[in-house]
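Peer 1: Dumping the structure here so I can ask a few things about it.
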Amino acid sequence: MSKEREFSLGIILPFNMPQEIAPEIYRDTMYMKTLADLAIRDINSNNDILPGVLVKPVYINSWSDEPSVGTNSNLVHSDESRGYAGVAAINASLKVFDLLAVYGGQWSGATKVIAGVFSQYSIPMCGDLQADPSLSNKNDYPFFFRMYSAGAAKAMNLLLKEWKVTRVSLIVSQSSAAYSSAADDMVNILNQNGVTILDVLTVSSGPDYIKSSLLSSDTRYILCFTQATDLNPIYFNLTDLIGPNYVWIGMDSPVISQYIDDSAFNAVKGFVLVTPSTEDHKNPNYRALDSQWHQIVDELNLTNFKLNIEVESAGFMGYPDFN
């Protein structure tokens with residue numbers, strides 16, 4: 001089929017980050033690149049999507065291993081190479097003259113810089129895994145949107161309303177901008193709806209202090225804005241507060257891999273997980289994506305990715321909100 005025009009689609013990810021620095025981030029980067037390549041292949045093979053247009057991928061590296069001033073050696077968890085990512089976004093905006101849109105970003109922190117740059121140049125950007133609620137601010141990021149929902153606080157509030165809950169405490173991972181920002185959203189929503197916030201506890205205060213505080217305030221509903229690695233040592237050490245008298249609700253659930261026994265499994269069964277990443281296997285979008293994914297991993301001999309697509313990626317792209 002003839003293509004009369006050509007445009008570039010930018011894929012901005014930390015391509016140059018060594019696998020040994022953060023294996024999970026490296027893996028996610030490979031997932032997202034593969035899915036972007038799959039989308040471009042579909043666009044170019046279906047003239048109904050962008051009639052007469054040939055889309056070319058432009059891979060933009062957002063990672064530099066050069067330490068920034070004032071950061072430690074653990075750069076991936078300190079500033080996410082934001083300065084380099086911003087420069088990469090500016091260079092792409094100025095030098096790729098036919099840049100139609102951009103996909104990627106990886107981290108919320110780096111994406112704030114990247115999305116800000118592309119919005120300045122009126123270039124649409126689709127995010128991937130960013131969960132920071134502040135990225136939904138259309139005044140700051142008018143050309144940014146994402147497939148990962150940042151509405152966990154609103155979803156929790158609907159659940160609390162349905163259950164007529166009037167008193168809660170929060171546990172927050174302050175080291176994560178995404179979770180701490182979601183907690184700030186939750187506090188604002190709770191205040192607007194007249195729900196009493198008994199305590200806001202940080203994971204850094206430790207299991208003993210958190211347990212003492214929850215008991216002294218007689219907390220029954222515990223809202224967790226924490227990542228699993230922060231939540232595990234708290235949740236599994238507060239077994240006295242797990243049971244029919246307490247309700248734990250969170251954006252990320254405890255992971256029992258470090259605590260394999262019957263008591264740990266029974267404890268985590270009652271945790272209420274509020275997340276947009278659950279797959280809908282009956283959704284035709286999910287089934288179509290899943291089929292195409294398995295086809296492309298066969299072509300590329302990426303057999304070790306087959307299981308993970310259901311857990312990590314297809315849930316976002318096949319989620320009913322994005323029909």
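Ordering of the structure tokens sets the chain letters (A, B, ...); residue numbers start at 1 within each chain; ligands are numbered from 1 in the order shown.
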Can you pull out the residues contacting A:Asn232? Cut-off 7 Å, using only C-alpha atoms, and skip same-chain residues under 3 positions away; I want them as JSON, numbers by chain.

Peer 2: {"A": [228, 229, 235, 236, 254, 255]}

Peer 1: Leaving out A:Lys161 and any residue of its chain fewer than 5 positions from it, which residues lie within 12 Å of it when counting only C-alpha atoms, given as a ChimeraX atom specification?

Peer 2: /A:154-156,166-167,189-190,193-195

Peer 1: Sorted by chain and rising residue number, which residues of stretch 142-240 of chain A lie within 8 Å of stretch 113-136 of chain A, and what are their closest atom pairs and distances in Å to one decimal, counting only C-alpha atoms, as a Markdown table?

Peer 2:
| residue | atom | partner | partner_atom | distance |
| --- | --- | --- | --- | --- |
| A:Pro142 | CA | A:Ser119 | CA | 6.0 |
| A:Phe143 | CA | A:Pro124 | CA | 4.7 |
| A:Phe144 | CA | A:Met125 | CA | 4.9 |
| A:Phe145 | CA | A:Cys126 | CA | 5.1 |
| A:Arg146 | CA | A:Gly127 | CA | 4.3 |
| A:Met147 | CA | A:Asp128 | CA | 6.0 |
| A:Tyr148 | CA | A:Leu129 | CA | 5.8 |
| A:Ser149 | CA | A:Ala131 | CA | 6.9 |
| A:Ala150 | CA | A:Ala131 | CA | 5.2 |
| A:Gly151 | CA | A:Pro133 | CA | 7.4 |
| A:Ala177 | CA | A:Asp132 | CA | 6.5 |
| A:Ala178 | CA | A:Asp132 | CA | 3.9 |
| A:Tyr179 | CA | A:Asp132 | CA | 7.1 |
| A:Ser181 | CA | A:Pro133 | CA | 6.2 |
| A:Ala182 | CA | A:Pro133 | CA | 6.1 |
| A:Asp185 | CA | A:Pro133 | CA | 7.8 |

Peer 1: One decimal, Å: what's the distance from atom CA of A:Val168 over to atom CA of A:Ile222, could you say?

Peer 2: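 Spanning atom CA of A:Val168 to atom CA of A:Ile222 is a straight-line distance of 5.9 Å.
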
Peer 1: If we count only C-alpha atoms, what is near A:Ile234 at a cut-off of 9 Å, once residues fewer than 3 positions away on the same chain are taken out, given as a ChimeraX atom specification?

Peer 2: /A:203,206-208,210-211,230-231,237-238

Peer 1: What's the separation between atom CA of A:Ile11 and atom CA of A:Tyr59, in Å to one decimal place?

Peer 2: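 Calculated distance between atom CA of A:Ile11 and atom CA of A:Tyr59 is 5.0 Å.
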
Peer 1: Would you please give, as number ranges by chain, all residues of stretch 132-234 of chain A that DSSP assigns to helix (DSSP H, G or I) based on the backbone?

Peer 2: A: 133-136, 152-162, 177-192, 203-216, 228-234

Peer 1: Kindly give the distance, in Å, that separates atom CA of A:Phe15 and atom CA of A:Ile60, rounded to a single decimal.

Peer 2: 7.8 Å

Peer 1: Here is a test: counting only C-alpha atoms, which residue of A:Thr29, A:Ser213, A:Thr196, A:Ser8 is nearest to A:Gln106?

Peer 2: A:Thr29

Peer 1: Can you tell me, as a ChimeraX atom specification, which residues in stretch 21-247 of chain A count as strand (DSSP E) by DSSP?

Peer 2: /A:53-61,99-104,125-127,144-146,167-172,196-202,221-225,247

Peer 1: Counting only C-alpha atoms, which of A:Leu198, A:Ala110, A:Ile21, A:Val272 gets nearest to A:Ser81?

Peer 2: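 Among A:Leu198, A:Ala110, A:Ile21, A:Val272, it is A:Ala110 that comes nearest to A:Ser81.
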
Peer 1: Mind checking which residues fall within 10 Å of stretch 40-43 of chain A, counting only C-alpha atoms, ignoring those fewer than 6 positions away in the same chain, and posting them as a list in words?

Peer 2: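 Within the cut-off, the hits are Leu9, Thr34, Ile49, Leu50, Pro51, Val53, Leu54, Val55, Lys56, Pro57 and Gln292 of chain A.
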
Peer 1: May I have the residues from that selection written out with all heavy atoms, as an mmCIF file, in the first residue's frame?

Peer 2:
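Output saved as result15.cif:
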data_model
loop_
_atom_site.group_PDB
_atom_site.id
_atom_site.type_symbol
_atom_site.label_atom_id
_atom_site.label_comp_id
_atom_site.auth_asym_id
_atom_site.auth_seq_id
_atom_site.Cartn_x
_atom_site.Cartn_y
_atom_site.Cartn_z
ATOM 1 N N LEU A 9 7.696 8.747 15.125
ATOM 2 C CA LEU A 9 7.145 8.559 16.464
ATOM 3 C C LEU A 9 8.301 8.345 17.421
ATOM 4 O O LEU A 9 9.066 7.379 17.284
ATOM 5 C CB LEU A 9 6.196 7.359 16.507
ATOM 6 C CG LEU A 9 5.644 7.005 17.891
ATOM 7 C CD1 LEU A 9 4.719 8.119 18.388
ATOM 8 C CD2 LEU A 9 4.900 5.679 17.876
ATOM 9 N N THR A 34 9.243 -3.010 22.837
ATOM 10 C CA THR A 34 8.645 -4.052 21.994
ATOM 11 C C THR A 34 7.190 -3.734 21.686
ATOM 12 O O THR A 34 6.723 -3.894 20.547
ATOM 13 C CB THR A 34 8.754 -5.418 22.681
ATOM 14 O OG1 THR A 34 10.120 -5.696 22.984
ATOM 15 C CG2 THR A 34 8.218 -6.529 21.784
ATOM 16 N N ILE A 49 -5.901 3.315 9.919
ATOM 17 C CA ILE A 49 -5.516 4.022 11.148
ATOM 18 C C ILE A 49 -4.987 5.415 10.823
ATOM 19 O O ILE A 49 -5.510 6.427 11.291
ATOM 20 C CB ILE A 49 -4.472 3.207 11.936
ATOM 21 C CG1 ILE A 49 -5.069 1.853 12.342
ATOM 22 C CG2 ILE A 49 -4.026 3.978 13.186
ATOM 23 C CD1 ILE A 49 -4.078 0.940 13.057
ATOM 24 N N LEU A 50 -3.939 5.486 10.043
ATOM 25 C CA LEU A 50 -3.401 6.773 9.566
ATOM 26 C C LEU A 50 -3.249 6.656 8.051
ATOM 27 O O LEU A 50 -2.173 6.316 7.552
ATOM 28 C CB LEU A 50 -2.053 7.097 10.228
ATOM 29 C CG LEU A 50 -2.070 7.470 11.707
ATOM 30 C CD1 LEU A 50 -0.647 7.661 12.228
ATOM 31 C CD2 LEU A 50 -2.868 8.752 11.935
ATOM 32 N N PRO A 51 -4.323 6.919 7.315
ATOM 33 C CA PRO A 51 -4.298 6.718 5.866
ATOM 34 C C PRO A 51 -3.155 7.465 5.181
ATOM 35 O O PRO A 51 -2.974 8.663 5.403
ATOM 36 C CB PRO A 51 -5.658 7.254 5.409
ATOM 37 C CG PRO A 51 -6.528 7.175 6.622
ATOM 38 C CD PRO A 51 -5.621 7.428 7.785
ATOM 39 N N VAL A 53 -0.017 7.376 5.674
ATOM 40 C CA VAL A 53 1.095 7.815 6.523
ATOM 41 C C VAL A 53 1.982 6.625 6.893
ATOM 42 O O VAL A 53 1.489 5.580 7.325
ATOM 43 C CB VAL A 53 0.569 8.484 7.812
ATOM 44 C CG1 VAL A 53 1.721 8.799 8.763
ATOM 45 C CG2 VAL A 53 -0.197 9.758 7.475
ATOM 46 N N LEU A 54 3.275 6.794 6.718
ATOM 47 C CA LEU A 54 4.261 5.818 7.185
ATOM 48 C C LEU A 54 4.893 6.356 8.472
ATOM 49 O O LEU A 54 5.450 7.451 8.485
ATOM 50 C CB LEU A 54 5.349 5.605 6.126
ATOM 51 C CG LEU A 54 6.486 4.648 6.547
ATOM 52 C CD1 LEU A 54 5.967 3.229 6.670
ATOM 53 C CD2 LEU A 54 7.639 4.719 5.550
ATOM 54 N N VAL A 55 4.773 5.588 9.542
ATOM 55 C CA VAL A 55 5.316 6.005 10.844
ATOM 56 C C VAL A 55 6.674 5.345 11.051
ATOM 57 O O VAL A 55 6.816 4.127 10.923
ATOM 58 C CB VAL A 55 4.358 5.622 11.987
ATOM 59 C CG1 VAL A 55 4.981 5.982 13.335
ATOM 60 C CG2 VAL A 55 3.021 6.336 11.816
ATOM 61 N N LYS A 56 7.667 6.158 11.350
ATOM 62 C CA LYS A 56 9.026 5.666 11.583
ATOM 63 C C LYS A 56 9.378 5.826 13.065
ATOM 64 O O LYS A 56 9.150 6.891 13.645
ATOM 65 C CB LYS A 56 10.032 6.471 10.750
ATOM 66 C CG LYS A 56 9.767 6.508 9.258
ATOM 67 C CD LYS A 56 10.727 7.477 8.572
ATOM 68 C CE LYS A 56 10.519 8.903 9.093
ATOM 69 N NZ LYS A 56 11.455 9.871 8.443
ATOM 70 N N PRO A 57 9.911 4.787 13.699
ATOM 71 C CA PRO A 57 10.322 4.924 15.099
ATOM 72 C C PRO A 57 11.626 5.704 15.227
ATOM 73 O O PRO A 57 12.547 5.534 14.430
ATOM 74 C CB PRO A 57 10.519 3.476 15.548
ATOM 75 C CG PRO A 57 10.885 2.744 14.298
ATOM 76 C CD PRO A 57 10.133 3.425 13.174
ATOM 77 N N GLN A 292 -1.451 -10.649 19.640
ATOM 78 C CA GLN A 292 -0.379 -10.022 18.883
ATOM 79 C C GLN A 292 0.943 -10.081 19.626
ATOM 80 O O GLN A 292 2.008 -10.259 19.023
ATOM 81 C CB GLN A 292 -0.743 -8.568 18.570
ATOM 82 C CG GLN A 292 -1.899 -8.431 17.599
ATOM 83 C CD GLN A 292 -2.205 -6.969 17.316
ATOM 84 O OE1 GLN A 292 -1.444 -6.298 16.629
ATOM 85 N NE2 GLN A 292 -3.319 -6.480 17.827
#

Peer 1: Write out as a list in words each polymer residue whose atoms come within 12 Å of A:Arg220, counting only C-alpha atoms; drop sequence neighbours fewer than 3 positions from it.

Peer 2: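 Within the cut-off, the hits are Val165, Thr166, Arg167, Val168, Ser169, Leu170, Ile197, Leu198, Asp199, Lys211, Ser213, Leu214, Leu215, Ser216, Ser217, Leu223, Leu241, Ile242, Gly243, Pro244, Asn245, Tyr246, Val247, Trp248 and Ile249 of chain A.
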
Peer 1: Using N, CA and C atoms, can you export the residues from the last selection as an mmCIF file, in the first residue's frame?

Peer 2:
data_model
loop_
_atom_site.group_PDB
_atom_site.id
_atom_site.type_symbol
_atom_site.label_atom_id
_atom_site.label_comp_id
_atom_site.auth_asym_id
_atom_site.auth_seq_id
_atom_site.Cartn_x
_atom_site.Cartn_y
_atom_site.Cartn_z
ATOM 1 N N VAL A 165 -17.445 4.544 55.728
ATOM 2 C CA VAL A 165 -16.295 4.678 56.631
ATOM 3 C C VAL A 165 -16.109 6.144 56.996
ATOM 4 N N THR A 166 -15.878 6.433 58.272
ATOM 5 C CA THR A 166 -15.719 7.821 58.730
ATOM 6 C C THR A 166 -14.364 8.104 59.382
ATOM 7 N N ARG A 167 -13.562 7.071 59.636
ATOM 8 C CA ARG A 167 -12.275 7.255 60.314
ATOM 9 C C ARG A 167 -11.223 6.375 59.647
ATOM 10 N N VAL A 168 -10.075 6.952 59.295
ATOM 11 C CA VAL A 168 -9.011 6.180 58.641
ATOM 12 C C VAL A 168 -7.646 6.673 59.105
ATOM 13 N N SER A 169 -6.642 5.838 58.885
ATOM 14 C CA SER A 169 -5.242 6.256 58.997
ATOM 15 C C SER A 169 -4.527 5.894 57.705
ATOM 16 N N LEU A 170 -3.457 6.654 57.417
ATOM 17 C CA LEU A 170 -2.688 6.425 56.199
ATOM 18 C C LEU A 170 -1.273 6.003 56.540
ATOM 19 N N ILE A 197 -9.183 11.885 59.583
ATOM 20 C CA ILE A 197 -7.878 11.260 59.391
ATOM 21 C C ILE A 197 -7.222 11.142 60.763
ATOM 22 N N LEU A 198 -7.136 9.941 61.259
ATOM 23 C CA LEU A 198 -6.606 9.719 62.601
ATOM 24 C C LEU A 198 -5.096 9.903 62.658
ATOM 25 N N ASP A 199 -4.410 9.467 61.597
ATOM 26 C CA ASP A 199 -2.948 9.564 61.596
ATOM 27 C C ASP A 199 -2.433 9.398 60.174
ATOM 28 N N LYS A 211 2.519 0.307 64.581
ATOM 29 C CA LYS A 211 1.576 -0.522 65.335
ATOM 30 C C LYS A 211 1.049 0.226 66.556
ATOM 31 N N SER A 213 0.881 3.423 67.066
ATOM 32 C CA SER A 213 0.035 4.553 66.665
ATOM 33 C C SER A 213 -1.348 4.088 66.227
ATOM 34 N N LEU A 214 -1.401 3.013 65.457
ATOM 35 C CA LEU A 214 -2.689 2.502 64.983
ATOM 36 C C LEU A 214 -3.546 2.014 66.143
ATOM 37 N N LEU A 215 -2.905 1.388 67.114
ATOM 38 C CA LEU A 215 -3.646 0.907 68.282
ATOM 39 C C LEU A 215 -4.135 2.065 69.152
ATOM 40 N N SER A 216 -3.280 3.050 69.343
ATOM 41 C CA SER A 216 -3.656 4.168 70.223
ATOM 42 C C SER A 216 -4.779 5.011 69.622
ATOM 43 N N SER A 217 -4.846 5.069 68.294
ATOM 44 C CA SER A 217 -5.910 5.841 67.646
ATOM 45 C C SER A 217 -7.141 4.992 67.350
ATOM 46 N N LEU A 223 -5.187 2.877 55.095
ATOM 47 C CA LEU A 223 -4.960 3.129 53.678
ATOM 48 C C LEU A 223 -3.456 3.197 53.419
ATOM 49 N N LEU A 241 -2.776 -6.852 63.862
ATOM 50 C CA LEU A 241 -3.697 -5.900 63.238
ATOM 51 C C LEU A 241 -4.222 -6.411 61.897
ATOM 52 N N ILE A 242 -4.112 -7.704 61.678
ATOM 53 C CA ILE A 242 -4.645 -8.321 60.474
ATOM 54 C C ILE A 242 -5.746 -9.287 60.889
ATOM 55 N N GLY A 243 -6.937 -9.045 60.401
ATOM 56 C CA GLY A 243 -8.056 -9.891 60.788
ATOM 57 C C GLY A 243 -9.378 -9.183 60.570
ATOM 58 N N PRO A 244 -10.455 -9.738 61.080
ATOM 59 C CA PRO A 244 -11.797 -9.193 60.798
ATOM 60 C C PRO A 244 -12.050 -7.806 61.365
ATOM 61 N N ASN A 245 -11.245 -7.369 62.325
ATOM 62 C CA ASN A 245 -11.459 -6.048 62.915
ATOM 63 C C ASN A 245 -10.699 -4.935 62.195
ATOM 64 N N TYR A 246 -9.916 -5.295 61.194
ATOM 65 C CA TYR A 246 -9.099 -4.299 60.494
ATOM 66 C C TYR A 246 -9.217 -4.496 58.981
ATOM 67 N N VAL A 247 -9.244 -3.376 58.258
ATOM 68 C CA VAL A 247 -9.306 -3.425 56.799
ATOM 69 C C VAL A 247 -8.107 -2.672 56.236
ATOM 70 N N TRP A 248 -7.281 -3.385 55.488
ATOM 71 C CA TRP A 248 -6.118 -2.790 54.839
ATOM 72 C C TRP A 248 -6.439 -2.579 53.363
ATOM 73 N N ILE A 249 -6.217 -1.364 52.876
ATOM 74 C CA ILE A 249 -6.488 -1.020 51.484
ATOM 75 C C ILE A 249 -5.242 -0.340 50.930
#

Peer 1: Could you name the residues that touch A:Ser176 at 10 Å or less, counting only C-alpha atoms, but leaving out those on the same chain fewer than 6 positions away, as a list of chain:residue names?

Peer 2: A:His77, A:Ser108, A:Gly109, A:Asp132, A:Ala182, A:Phe225, A:Thr226, A:Gln227

Peer 1: Would you save the residues of that selection, restricted to N, CA, C and O atoms, as a tab-separated table (two decimals), in the first residue's frame?

Peer 2:
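File again-v3.tsv, as written:
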chain	number	residue	atom	x	y	z
A	77	HIS	N	17.88	5.69	41.39
A	77	HIS	CA	16.87	5.95	42.39
A	77	HIS	C	16.97	7.34	43.00
A	77	HIS	O	16.23	7.69	43.91
A	108	SER	N	8.16	8.64	36.88
A	108	SER	CA	7.34	9.85	37.03
A	108	SER	C	8.21	11.10	37.09
A	108	SER	O	7.90	12.12	36.47
A	109	GLY	N	9.29	11.05	37.87
A	109	GLY	CA	10.13	12.23	38.04
A	109	GLY	C	10.74	12.70	36.73
A	109	GLY	O	10.69	13.88	36.38
A	132	ASP	N	2.31	9.23	39.15
A	132	ASP	CA	2.25	10.46	39.93
A	132	ASP	C	1.02	11.29	39.52
A	132	ASP	O	0.88	11.67	38.35
A	182	ALA	N	-0.10	10.61	45.63
A	182	ALA	CA	-1.42	9.99	45.73
A	182	ALA	C	-1.97	10.11	47.14
A	182	ALA	O	-3.18	10.32	47.35
A	225	PHE	N	-0.36	3.87	50.99
A	225	PHE	CA	0.19	4.47	49.77
A	225	PHE	C	1.68	4.15	49.77
A	225	PHE	O	2.53	5.01	50.01
A	226	THR	N	1.97	2.89	49.55
A	226	THR	CA	3.33	2.37	49.66
A	226	THR	C	3.59	1.36	48.55
A	226	THR	O	2.67	0.72	48.05
A	227	GLN	N	4.86	1.22	48.21
A	227	GLN	CA	5.25	0.15	47.31
A	227	GLN	C	5.44	-1.12	48.12
A	227	GLN	O	5.64	-1.08	49.33
